[in-house]
$ cat run_18.tsv   # TSV, C-alpha atoms and all ligand atoms
chain	number	residue	atom	x	y	z
A	1	MET	CA	-6.07	29.24	14.12
A	2	ALA	CA	-3.97	30.62	11.30
A	3	GLU	CA	-1.43	31.80	13.91
A	4	THR	CA	-1.12	28.36	15.49
A	5	TYR	CA	-0.98	26.36	12.29
A	6	LYS	CA	1.58	27.41	9.76
A	7	LYS	CA	-0.39	26.27	6.71
A	8	ILE	CA	-4.06	25.83	5.83
A	9	ALA	CA	-4.60	22.94	3.42
A	10	LEU	CA	-7.72	21.99	1.47
A	11	VAL	CA	-7.94	18.42	0.20
A	12	THR	CA	-10.84	17.85	-2.17
A	13	GLY	CA	-12.28	14.35	-1.87
A	14	GLY	CA	-10.36	13.99	1.39
A	15	SER	CA	-12.80	11.56	2.96
A	16	ARG	CA	-11.57	8.33	1.36
A	17	GLY	CA	-8.73	6.68	-0.55
A	18	ILE	CA	-5.84	8.83	-1.70
A	19	GLY	CA	-7.39	12.05	-0.39
A	20	LYS	CA	-7.71	10.58	3.10
A	21	ALA	CA	-4.05	9.51	3.19
A	22	VAL	CA	-3.03	12.95	1.91
A	23	ALA	CA	-5.16	14.71	4.55
A	24	LEU	CA	-3.64	12.62	7.36
A	25	ARG	CA	-0.12	13.21	6.08
A	26	LEU	CA	-0.51	16.98	5.67
A	27	ALA	CA	-1.93	17.18	9.19
A	28	ALA	CA	1.06	15.19	10.47
A	29	GLU	CA	3.28	17.76	8.73
A	30	GLY	CA	1.58	20.49	10.81
A	31	ALA	CA	-1.07	21.85	8.45
A	32	PHE	CA	-4.64	22.62	9.45
A	33	VAL	CA	-6.49	20.37	7.00
A	34	VAL	CA	-9.93	21.03	5.55
A	35	VAL	CA	-11.36	17.71	4.37
A	36	ASN	CA	-13.79	18.22	1.49
A	37	TYR	CA	-16.32	15.59	0.46
A	38	ALA	CA	-19.45	15.42	-1.69
A	39	ARG	CA	-21.74	12.82	-0.11
A	40	ASN	CA	-20.32	10.76	2.74
A	41	GLU	CA	-20.22	13.07	5.77
A	42	SER	CA	-19.38	10.40	8.34
A	43	ALA	CA	-16.31	9.28	6.37
A	44	ALA	CA	-15.07	12.90	6.29
A	45	GLN	CA	-15.76	13.33	10.02
A	46	ASP	CA	-13.81	10.13	10.70
A	47	VAL	CA	-10.78	11.55	8.89
A	48	VAL	CA	-10.88	14.71	11.03
A	49	ALA	CA	-11.27	12.56	14.16
A	50	GLU	CA	-8.20	10.56	13.12
A	51	ILE	CA	-6.26	13.80	12.51
A	52	GLU	CA	-7.22	15.08	15.95
A	53	LYS	CA	-6.41	11.78	17.65
A	54	ALA	CA	-2.90	12.10	16.25
A	55	GLY	CA	-2.60	15.63	17.69
A	56	GLY	CA	-3.46	17.61	14.55
A	57	LYS	CA	-6.29	19.95	13.59
A	58	GLY	CA	-8.84	19.85	10.81
A	59	ALA	CA	-12.41	20.48	9.70
A	60	VAL	CA	-14.83	19.12	7.13
A	61	SER	CA	-16.38	21.04	4.24
A	62	LYS	CA	-19.10	19.63	2.04
A	63	PHE	CA	-19.34	20.78	-1.55
A	64	ASP	CA	-19.49	19.31	-5.02
A	65	VAL	CA	-16.37	20.48	-6.86
A	66	SER	CA	-18.23	20.34	-10.18
A	67	ASP	CA	-20.58	23.12	-9.04
A	68	TYR	CA	-18.79	26.41	-9.84
A	69	GLU	CA	-20.89	28.81	-7.74
A	70	THR	CA	-21.03	26.64	-4.63
A	71	THR	CA	-17.32	25.89	-4.82
A	72	GLN	CA	-16.44	29.62	-4.97
A	73	LYS	CA	-18.71	30.31	-2.00
A	74	MET	CA	-17.50	27.43	0.17
A	75	ILE	CA	-13.80	28.06	-0.49
A	76	GLU	CA	-14.27	31.76	0.28
A	77	GLU	CA	-15.84	30.73	3.60
A	78	ILE	CA	-12.80	28.54	4.37
A	79	ILE	CA	-10.45	31.42	3.55
A	80	VAL	CA	-12.35	33.85	5.78
A	81	GLU	CA	-12.75	31.39	8.66
A	82	HIS	CA	-9.19	30.06	8.71
A	83	GLY	CA	-7.28	33.06	7.44
A	84	GLY	CA	-6.17	31.76	4.05
A	85	ILE	CA	-5.42	28.68	2.00
A	86	HIS	CA	-1.81	27.78	1.37
A	87	ILE	CA	-2.11	24.26	0.01
A	88	LEU	CA	-4.76	23.01	-2.42
A	89	ILE	CA	-4.87	19.34	-3.33
A	90	ASN	CA	-7.23	18.84	-6.26
A	91	ASN	CA	-7.91	15.18	-5.60
A	92	ALA	CA	-11.68	14.65	-6.01
A	93	GLY	CA	-12.32	12.41	-8.98
A	94	ILE	CA	-14.72	9.83	-10.36
A	95	VAL	CA	-14.93	7.25	-13.11
A	96	HIS	CA	-17.86	6.33	-15.34
A	97	ASP	CA	-16.30	3.64	-17.50
A	98	THR	CA	-17.77	2.33	-20.71
A	99	LEU	CA	-16.62	1.85	-24.28
A	100	LEU	CA	-16.99	4.88	-26.50
A	101	VAL	CA	-19.57	3.14	-28.64
A	102	ARG	CA	-21.84	2.91	-25.58
A	103	MET	CA	-20.84	6.12	-23.80
A	104	ASN	CA	-23.64	8.66	-23.53
A	105	LYS	CA	-23.37	12.40	-23.06
A	106	GLU	CA	-24.15	12.10	-19.37
A	107	ASP	CA	-21.23	9.68	-18.80
A	108	TRP	CA	-18.96	12.16	-20.57
A	109	ASP	CA	-20.24	15.35	-18.89
A	110	LYS	CA	-20.25	13.94	-15.37
A	111	VAL	CA	-16.60	12.88	-15.50
A	112	ILE	CA	-15.35	16.02	-17.22
A	113	SER	CA	-17.27	18.32	-14.89
A	114	THR	CA	-16.06	16.60	-11.72
A	115	ASN	CA	-12.48	15.78	-12.68
A	116	LEU	CA	-11.50	18.66	-14.96
A	117	ASN	CA	-13.95	21.48	-14.25
A	118	GLY	CA	-13.53	20.65	-10.54
A	119	VAL	CA	-9.81	21.44	-10.79
A	120	PHE	CA	-10.58	24.77	-12.47
A	121	ASN	CA	-13.35	25.62	-9.99
A	122	CYS	CA	-11.19	25.02	-6.90
A	123	THR	CA	-8.01	26.54	-8.29
A	124	LYS	CA	-9.87	29.63	-9.45
A	125	ALA	CA	-11.26	30.05	-5.93
A	126	VAL	CA	-7.81	30.09	-4.26
A	127	THR	CA	-5.80	31.99	-6.88
A	128	ARG	CA	-6.24	35.56	-5.59
A	129	THR	CA	-5.60	34.58	-1.98
A	130	MET	CA	-2.45	32.62	-2.84
A	131	MET	CA	-1.20	35.48	-5.02
A	132	LYS	CA	-1.69	37.92	-2.12
A	133	GLN	CA	0.07	35.48	0.23
A	134	ARG	CA	2.92	35.20	-2.28
A	135	TRP	CA	3.13	31.54	-1.40
A	136	GLY	CA	1.12	28.54	-2.43
A	137	ARG	CA	1.19	24.90	-3.39
A	138	ILE	CA	-1.34	23.42	-5.78
A	139	ILE	CA	-1.23	19.71	-6.58
A	140	ASN	CA	-3.56	18.14	-9.11
A	141	LEU	CA	-4.23	14.41	-9.24
A	142	THR	CA	-3.98	13.26	-12.83
A	143	SER	CA	-3.57	9.58	-13.80
A	144	VAL	CA	-1.46	7.19	-15.81
A	145	VAL	CA	-4.63	6.80	-17.88
A	146	GLY	CA	-4.42	10.46	-18.90
A	147	GLU	CA	-0.92	9.80	-20.20
A	148	MET	CA	-1.26	6.43	-21.92
A	149	GLY	CA	-5.02	5.99	-22.48
A	150	ASN	CA	-7.17	3.01	-21.52
A	151	ALA	CA	-10.02	1.31	-23.37
A	152	GLY	CA	-13.35	2.11	-21.71
A	153	GLN	CA	-12.09	5.36	-20.20
A	154	THR	CA	-12.14	8.01	-22.94
A	155	ASN	CA	-13.98	10.41	-20.62
A	156	TYR	CA	-11.62	9.79	-17.69
A	157	ALA	CA	-8.47	9.88	-19.89
A	158	ALA	CA	-9.57	13.18	-21.46
A	159	SER	CA	-10.25	14.71	-18.03
A	160	LYS	CA	-6.88	13.62	-16.69
A	161	ALA	CA	-4.94	14.70	-19.81
A	162	GLY	CA	-6.72	18.07	-19.51
A	163	ILE	CA	-5.44	18.38	-15.94
A	164	ILE	CA	-1.86	18.07	-17.20
A	165	GLY	CA	-2.29	20.98	-19.63
A	166	PHE	CA	-4.02	23.03	-16.94
A	167	THR	CA	-1.17	22.33	-14.50
A	168	LYS	CA	1.53	23.44	-16.91
A	169	ALA	CA	-0.27	26.66	-17.89
A	170	ALA	CA	-1.21	27.59	-14.31
A	171	ALA	CA	2.37	26.91	-13.17
A	172	ARG	CA	3.66	29.50	-15.65
A	173	GLU	CA	1.10	32.08	-14.53
A	174	MET	CA	1.68	31.63	-10.82
A	175	ALA	CA	5.44	31.10	-10.60
A	176	PRO	CA	6.26	34.82	-10.12
A	177	ARG	CA	4.31	34.75	-6.83
A	178	SER	CA	6.13	31.67	-5.47
A	179	ILE	CA	3.13	29.46	-6.07
A	180	THR	CA	3.98	26.05	-7.47
A	181	VAL	CA	1.49	24.01	-9.47
A	182	ASN	CA	2.31	20.36	-10.06
A	183	ALA	CA	0.51	17.16	-10.95
A	184	ILE	CA	0.89	13.69	-9.50
A	185	SER	CA	0.13	10.87	-11.87
A	186	PRO	CA	-0.66	7.66	-9.96
A	187	GLY	CA	-0.74	4.27	-11.58
A	188	PHE	CA	-3.06	1.73	-9.97
A	189	ILE	CA	-3.70	2.52	-6.31
A	190	LEU	CA	-5.97	0.24	-4.34
A	191	THR	CA	-9.00	2.37	-3.35
A	192	ASP	CA	-12.79	2.36	-3.80
A	193	ILE	CA	-12.39	3.88	-7.28
A	194	ASN	CA	-11.22	0.47	-8.53
A	195	ASP	CA	-14.14	-1.39	-6.92
A	196	SER	CA	-15.89	-1.95	-10.24
A	197	LEU	CA	-12.91	-3.86	-11.68
A	198	SER	CA	-13.23	-7.64	-11.63
A	199	ASP	CA	-10.59	-9.73	-9.85
A	200	GLU	CA	-9.50	-10.99	-13.27
A	201	ILE	CA	-8.88	-7.44	-14.56
A	202	LYS	CA	-7.05	-6.53	-11.33
A	203	LYS	CA	-4.81	-9.57	-11.78
A	204	GLN	CA	-4.09	-8.53	-15.37
A	205	TYR	CA	-3.16	-5.01	-14.23
A	206	ILE	CA	-0.77	-6.29	-11.57
A	207	GLU	CA	0.94	-8.49	-14.15
A	208	ARG	CA	1.65	-5.35	-16.20
A	209	ILE	CA	3.19	-3.43	-13.28
A	210	PRO	CA	6.98	-3.96	-13.13
A	211	MET	CA	6.90	-3.72	-9.32
A	212	GLY	CA	4.26	-6.44	-9.28
A	213	ARG	CA	1.90	-4.70	-6.86
A	214	TYR	CA	-0.68	-1.94	-6.56
A	215	GLY	CA	0.45	1.34	-5.06
A	216	SER	CA	-0.93	2.50	-1.72
A	217	PRO	CA	-2.56	5.85	-0.94
A	218	GLU	CA	0.44	6.52	1.32
A	219	ASP	CA	2.76	6.23	-1.71
A	220	ILE	CA	0.95	9.29	-3.09
A	221	ALA	CA	0.78	11.10	0.26
A	222	GLY	CA	4.57	10.96	0.59
A	223	VAL	CA	5.01	12.75	-2.73
A	224	VAL	CA	2.43	15.36	-1.70
A	225	ALA	CA	4.39	15.97	1.51
A	226	PHE	CA	7.54	16.57	-0.53
A	227	LEU	CA	5.91	18.81	-3.14
A	228	THR	CA	4.28	20.97	-0.46
A	229	SER	CA	7.56	21.39	1.45
A	230	GLU	CA	10.12	24.19	1.10
A	231	GLU	CA	12.51	21.66	-0.40
A	232	ALA	CA	10.31	21.51	-3.50
A	233	SER	CA	10.01	25.28	-3.93
A	234	TYR	CA	11.80	25.27	-7.32
A	235	ILE	CA	9.67	22.46	-8.82
A	236	THR	CA	6.68	23.64	-10.81
A	237	GLY	CA	4.71	22.55	-13.88
A	238	GLU	CA	5.85	18.97	-13.33
A	239	VAL	CA	4.00	15.69	-13.60
A	240	ILE	CA	5.39	13.25	-11.03
A	241	ARG	CA	4.62	9.65	-11.91
A	242	VAL	CA	3.99	7.25	-9.04
A	243	ASN	CA	3.14	4.08	-10.89
A	244	GLY	CA	5.51	1.21	-10.03
A	245	GLY	CA	7.11	1.54	-13.45
A	246	ILE	CA	4.05	0.77	-15.58
A	247	TYR	CA	4.53	3.90	-17.71
A	248	THR	CA	7.79	5.84	-17.78
B	1	LIG	N1	-6.99	4.89	-7.23
B	1	LIG	C1	-6.32	4.89	-8.35
B	1	LIG	O1	-5.88	3.85	-8.87
B	1	LIG	C2	-6.03	6.20	-9.03
B	1	LIG	C3	-5.13	6.20	-10.11
B	1	LIG	C4	-4.87	7.38	-10.77
B	1	LIG	C5	-5.47	8.56	-10.36
B	1	LIG	N2	-6.35	8.54	-9.32
B	1	LIG	C6	-6.99	9.81	-8.96
B	1	LIG	O2	-6.78	10.09	-7.60
B	1	LIG	C7	-7.91	10.79	-7.06
B	1	LIG	C8	-8.44	10.07	-5.84
B	1	LIG	O3	-8.83	8.76	-6.22
B	1	LIG	P1	-9.29	7.64	-5.17
B	1	LIG	O4	-8.94	6.36	-5.78
B	1	LIG	O5	-8.80	7.99	-3.82
B	1	LIG	O6	-10.88	7.82	-5.25
B	1	LIG	P2	-12.03	7.31	-4.22
B	1	LIG	O7	-11.48	6.36	-3.22
B	1	LIG	O8	-13.18	6.89	-5.08
B	1	LIG	O9	-12.42	8.66	-3.44
B	1	LIG	C9	-12.97	9.73	-4.17
B	1	LIG	C10	-13.10	10.93	-3.25
B	1	LIG	O10	-13.59	12.02	-4.05
B	1	LIG	C11	-14.77	12.55	-3.44
B	1	LIG	N3	-15.63	13.08	-4.50
B	1	LIG	C12	-16.17	12.42	-5.56
B	1	LIG	N4	-16.88	13.28	-6.32
B	1	LIG	C13	-16.78	14.50	-5.71
B	1	LIG	C14	-17.29	15.79	-6.01
B	1	LIG	N5	-18.05	16.01	-7.09
B	1	LIG	N6	-16.99	16.82	-5.17
B	1	LIG	C15	-16.23	16.61	-4.07
B	1	LIG	N7	-15.71	15.42	-3.74
B	1	LIG	C16	-15.99	14.38	-4.56
B	1	LIG	C17	-15.37	11.39	-2.66
B	1	LIG	O11	-16.20	11.89	-1.62
B	1	LIG	P3	-17.69	11.26	-1.34
B	1	LIG	O12	-17.49	9.86	-0.87
B	1	LIG	O13	-18.29	12.15	-0.30
B	1	LIG	O14	-18.40	11.32	-2.66
B	1	LIG	C18	-14.10	10.73	-2.13
B	1	LIG	O15	-13.63	11.42	-0.99
B	1	LIG	C19	-8.93	10.89	-8.20
B	1	LIG	O16	-8.79	12.14	-8.85
B	1	LIG	C20	-8.50	9.76	-9.14
B	1	LIG	O17	-8.89	10.00	-10.45
B	1	LIG	C21	-6.65	7.39	-8.65

$ encode --input "run_18.tsv" --output "structure tokens"
Amino acid sequence: MAETYKKIALVTGGSRGIGKAVALRLAAEGAFVVVNYARNESAAQDVVAEIEKAGGKGAVSKFDVSDYETTQKMIEEIIVEHGGIHILINNAGIVHDTLLVRMNKEDWDKVISTNLNGVFNCTKAVTRTMMKQRWGRIINLTSVVGEMGNAGQTNYAASKAGIIGFTKAAAREMAPRSITVNAISPGFILTDINDSLSDEIKKQYIERIPMGRYGSPEDIAGVVAFLTSEEASYITGEVIRVNGGIYT
């Protein structure tokens, strides 16, 4: 498999939303794509079926990125089975929104351990392999909320701001081995993650976006395709904003 497909890509949370669009795009670019998910197996299988229908190749892999031991084990299995990992997209993420005055420790821990610890857990699991390969692309999904803050999202904002610091430090460590580490910072992209927002709040958000519309998962996938290409080999430690101008 590794001989046929130039690059092996792992997309965490690849079963829905942004991760799904990224998985489809990377497969269209010729990568063998491993679609990770936590709960919804049929959604992940559907993504692989869509990849295969379009002439690509992929597989599913179930693990919870917040679980350190399981993540190390499952990623090692992917590396052994497919002969390496060249592209890691740390995309899995959740929200647990509430005002700080009402936020409990569980709300805080759940979001930090999925969004921030998850990035550490997955990146840690691919580091040695990418260093041996002397080539790698790691892209971490941060958020406009990590850059500008948002009431009701102290846990989410902290996790996403943490990802930016992680990205910059990891980029410095891994640059000598031709591994780039970058972050993409989306604004408001219409996916399930925004389901809990009322129509009124959605309308208010759109009014604040200079482009006057939500972004699409494909808007993010296009930037991933660029950052994983050879053309982006001298870009590392960057945060690329894809937000319709809401925060510049
Ligand atoms: N949408 C936006 O407006 C927006 C803006 C800025 C940043 N982002 C970031 O972009 C990323 C993707 O967001 P999205 O809107 O596409 O989210 P989404 O539609 O809610 O999809 C989340 C994905 O993550 C997976 N996932 C959740 N918890 C997981 C865990 N513990 N381990 C492994 N997989 C897990 C889900 O799989 P299961 O269904 O199997 O649980 C699903 O595939 C997130 O990091 C998010 O913070 C999104």

$ atom_distance --input "run_18.tsv" --atom1 "atom CA of Ala59 of chain A" --atom2 "atom CA of Val35 of chain A"
6.1 Å

$ closest_atom_pairs --input "run_18.tsv" --of "chain A" --to "ligand LIG 1 (chain B)" --cutoff "8 Å" --atoms "all atoms listed in the file" --output "Markdown table"
| residue | atom | partner | partner_atom | distance |
| --- | --- | --- | --- | --- |
| A:Thr12 | CA | B:LIG1 | N7 | 5.7 |
| A:Gly13 | CA | B:LIG1 | O15 | 3.3 |
| A:Gly14 | CA | B:LIG1 | O15 | 4.8 |
| A:Ser15 | CA | B:LIG1 | O15 | 4.0 |
| A:Arg16 | CA | B:LIG1 | O15 | 4.4 |
| A:Gly17 | CA | B:LIG1 | O5 | 3.5 |
| A:Ile18 | CA | B:LIG1 | O5 | 3.7 |
| A:Gly19 | CA | B:LIG1 | O5 | 5.5 |
| A:Lys20 | CA | B:LIG1 | O15 | 7.2 |
| A:Asn36 | CA | B:LIG1 | N7 | 6.2 |
| A:Tyr37 | CA | B:LIG1 | O13 | 4.0 |
| A:Ala38 | CA | B:LIG1 | O13 | 3.7 |
| A:Arg39 | CA | B:LIG1 | O13 | 3.5 |
| A:Asn40 | CA | B:LIG1 | O13 | 3.9 |
| A:Glu41 | CA | B:LIG1 | O13 | 6.4 |
| A:Ala43 | CA | B:LIG1 | O12 | 7.4 |
| A:Ala44 | CA | B:LIG1 | O13 | 7.4 |
| A:Lys62 | CA | B:LIG1 | C15 | 7.4 |
| A:Phe63 | CA | B:LIG1 | C15 | 5.8 |
| A:Asp64 | CA | B:LIG1 | N6 | 3.5 |
| A:Val65 | CA | B:LIG1 | N6 | 4.1 |
| A:Ser66 | CA | B:LIG1 | N5 | 5.3 |
| A:Asp67 | CA | B:LIG1 | N5 | 7.8 |
| A:Asn90 | CA | B:LIG1 | O16 | 7.4 |
| A:Asn91 | CA | B:LIG1 | O16 | 4.5 |
| A:Ala92 | CA | B:LIG1 | O10 | 3.8 |
| A:Gly93 | CA | B:LIG1 | O16 | 3.5 |
| A:Ile94 | CA | B:LIG1 | C12 | 5.6 |
| A:Val95 | CA | B:LIG1 | O17 | 7.1 |
| A:Thr114 | CA | B:LIG1 | N5 | 5.1 |
| A:Asn115 | CA | B:LIG1 | O16 | 6.4 |
| A:Gly118 | CA | B:LIG1 | N5 | 7.3 |
| A:Asn140 | CA | B:LIG1 | O16 | 8.0 |
| A:Leu141 | CA | B:LIG1 | O16 | 5.1 |
| A:Thr142 | CA | B:LIG1 | C5 | 5.5 |
| A:Ser143 | CA | B:LIG1 | C4 | 4.0 |
| A:Val144 | CA | B:LIG1 | C4 | 6.1 |
| A:Val145 | CA | B:LIG1 | C4 | 7.1 |
| A:Tyr156 | CA | B:LIG1 | O17 | 7.7 |
| A:Lys160 | CA | B:LIG1 | O17 | 7.5 |
| A:Ser185 | CA | B:LIG1 | C4 | 6.2 |
| A:Pro186 | CA | B:LIG1 | C4 | 4.3 |
| A:Gly187 | CA | B:LIG1 | C3 | 5.0 |
| A:Phe188 | CA | B:LIG1 | O1 | 3.7 |
| A:Ile189 | CA | B:LIG1 | O1 | 3.6 |
| A:Leu190 | CA | B:LIG1 | N1 | 5.6 |
| A:Thr191 | CA | B:LIG1 | O4 | 4.7 |
| A:Asp192 | CA | B:LIG1 | O7 | 4.2 |
| A:Ile193 | CA | B:LIG1 | O8 | 3.8 |
| A:Asn194 | CA | B:LIG1 | N1 | 6.3 |
| A:Gly215 | CA | B:LIG1 | O1 | 7.8 |
| A:Pro217 | CA | B:LIG1 | O5 | 7.2 |

$ residues_near_point --input "run_18.tsv" --point "(6.0, 31.1, -11.0)" --cutoff "12 Å" --atoms "only C-alpha atoms" --output "list in words"
Met130, Met131, Arg134, Trp135, Gly136, Arg137, Ile138, Thr167, Lys168, Ala169, Ala170, Ala171, Arg172, Glu173, Met174, Ala175, Pro176, Arg177, Ser178, Ile179, Thr180, Val181, Asn182, Ser233, Tyr234, Ile235, Thr236 and Gly237 of chain A

$ residues_around --input "run_18.tsv" --residues "Lys73 of chain A" --least-positions-apart "3" --cutoff "12 Å" --atoms "only C-alpha atoms" --output "list of chain:residue names"
A:Ser61, A:Lys62, A:Phe63, A:Asp64, A:Val65, A:Asp67, A:Tyr68, A:Glu69, A:Thr70, A:Glu76, A:Glu77, A:Ile78, A:Ile79, A:Val80, A:Asn121, A:Cys122, A:Lys124, A:Ala125, A:Val126

$ residues_near_point --input "run_18.tsv" --point "(3.0, 16.7, -16.3)" --cutoff "6 Å" --atoms "all atoms listed in the file" --output "compact mmCIF listing (two decimals) with C-alpha atoms, keeping the file's coordinate frame"
# COMPACT_ATOMS: atom_id res chain seq x y z
CA ILE A 164 -1.86 18.07 -17.20
CA ALA A 183 0.51 17.16 -10.95
CA GLU A 238 5.85 18.97 -13.33
CA VAL A 239 4.00 15.69 -13.60

$ axis_aligned_box --input "run_18.tsv" --around "segment 83-87 of chain A" --padding-each-side "8 Å" --output "JSON"
{"center_x": -4.5, "center_y": 28.7, "center_z": 3.7, "size_x": 21.5, "size_y": 24.8, "size_z": 23.4}

$ atom_distance --input "run_18.tsv" --atom1 "atom CA of Ile89 of chain A" --atom2 "atom CA of Gly149 of chain A"
23.3 Å

$ residues_around --input "run_18.tsv" --residues "Val22 of chain A" --least-positions-apart "6" --cutoff "9 Å" --atoms "only C-alpha atoms" --output "list in words"
Val11, Gly14, Ile89, Pro217, Glu218, Ile220, Ala221, Gly222, Val224 and Ala225 of chain A

$ atom_distance --input "run_18.tsv" --atom1 "atom CA of Gly165 of chain A" --atom2 "atom CA of Ile112 of chain A"
14.2 Å

$ closest_residue --input "run_18.tsv" --among "A:Asn104, A:Thr123, A:Ser113, A:Ser159" --to "Ile85 of chain A" --atoms "all atoms listed in the file"
A:Thr123

$ closest_residue --input "run_18.tsv" --among "A:Ala54, A:Ala151, A:Val33, A:Ile240" --to "Met103 of chain A" --atoms "all atoms listed in the file"
A:Ala151

$ closest_residue --input "run_18.tsv" --among "A:Pro210, A:Val60, A:Glu200, A:Gly245" --to "Ser42 of chain A" --atoms "all atoms listed in the file"
A:Val60

$ closest_residue --input "run_18.tsv" --among "A:Arg128, A:Thr248, A:Ala23, A:Asn155" --to "Gly84 of chain A" --atoms "only C-alpha atoms"
A:Arg128

$ closest_residue --input "run_18.tsv" --among "A:Ile87, A:Val34, A:Met74, A:Ala21" --to "Ser229 of chain A" --atoms "all atoms listed in the file"
A:Ile87

$ residues_around --input "run_18.tsv" --residues "Gly30 of chain A" --least-positions-apart "5" --cutoff "10 Å" --atoms "all atoms listed in the file" --output "MDAnalysis selection string"
chainID A and resid 4:9 25 55:57

$ closest_residue --input "run_18.tsv" --among "A:Leu26, A:Asp219, A:Glu81, A:Glu230" --to "Val242 of chain A" --atoms "all atoms listed in the file"
A:Asp219

$ decode --input "run_18.tsv" --residues "segment 158-170 of chain A" --atoms "N, CA, C and O atoms" --output "short mmCIF file (atom, residue, chain, number, x, y, z; two decimals), in the first residue's frame"
data_model
loop_
_atom_site.label_atom_id
_atom_site.label_comp_id
_atom_site.auth_asym_id
_atom_site.auth_seq_id
_atom_site.Cartn_x
_atom_site.Cartn_y
_atom_site.Cartn_z
N ALA A 158 -9.24 28.40 25.62
CA ALA A 158 -7.95 28.02 26.22
C ALA A 158 -7.34 26.84 25.45
O ALA A 158 -6.14 26.81 25.18
N SER A 159 -8.18 25.87 25.08
CA SER A 159 -7.66 24.70 24.35
C SER A 159 -7.10 25.13 23.00
O SER A 159 -6.05 24.67 22.57
N LYS A 160 -7.79 26.04 22.34
CA LYS A 160 -7.37 26.44 20.99
C LYS A 160 -6.16 27.38 21.03
O LYS A 160 -5.31 27.35 20.14
N ALA A 161 -6.09 28.24 22.05
CA ALA A 161 -4.89 29.08 22.22
C ALA A 161 -3.69 28.20 22.55
O ALA A 161 -2.58 28.44 22.07
N GLY A 162 -3.92 27.16 23.35
CA GLY A 162 -2.84 26.22 23.68
C GLY A 162 -2.29 25.55 22.43
O GLY A 162 -1.08 25.34 22.30
N ILE A 163 -3.17 25.24 21.50
CA ILE A 163 -2.75 24.59 20.24
C ILE A 163 -1.79 25.50 19.47
O ILE A 163 -0.84 25.03 18.83
N ILE A 164 -2.01 26.80 19.54
CA ILE A 164 -1.13 27.73 18.80
C ILE A 164 0.28 27.68 19.39
O ILE A 164 1.27 27.58 18.65
N GLY A 165 0.39 27.71 20.71
CA GLY A 165 1.71 27.62 21.34
C GLY A 165 2.38 26.30 21.03
O GLY A 165 3.59 26.25 20.71
N PHE A 166 1.61 25.23 21.09
CA PHE A 166 2.13 23.89 20.78
C PHE A 166 2.68 23.86 19.35
O PHE A 166 3.78 23.35 19.09
N THR A 167 1.91 24.42 18.43
CA THR A 167 2.29 24.41 17.01
C THR A 167 3.63 25.12 16.80
O THR A 167 4.52 24.62 16.10
N LYS A 168 3.76 26.28 17.42
CA LYS A 168 4.98 27.08 17.22
C LYS A 168 6.21 26.38 17.81
O LYS A 168 7.29 26.39 17.21
N ALA A 169 6.04 25.77 18.99
CA ALA A 169 7.17 25.08 19.62
C ALA A 169 7.54 23.81 18.84
O ALA A 169 8.72 23.55 18.57
N ALA A 170 6.53 23.03 18.45
CA ALA A 170 6.80 21.79 17.71
C ALA A 170 7.43 22.10 16.36
O ALA A 170 8.31 21.36 15.89
#
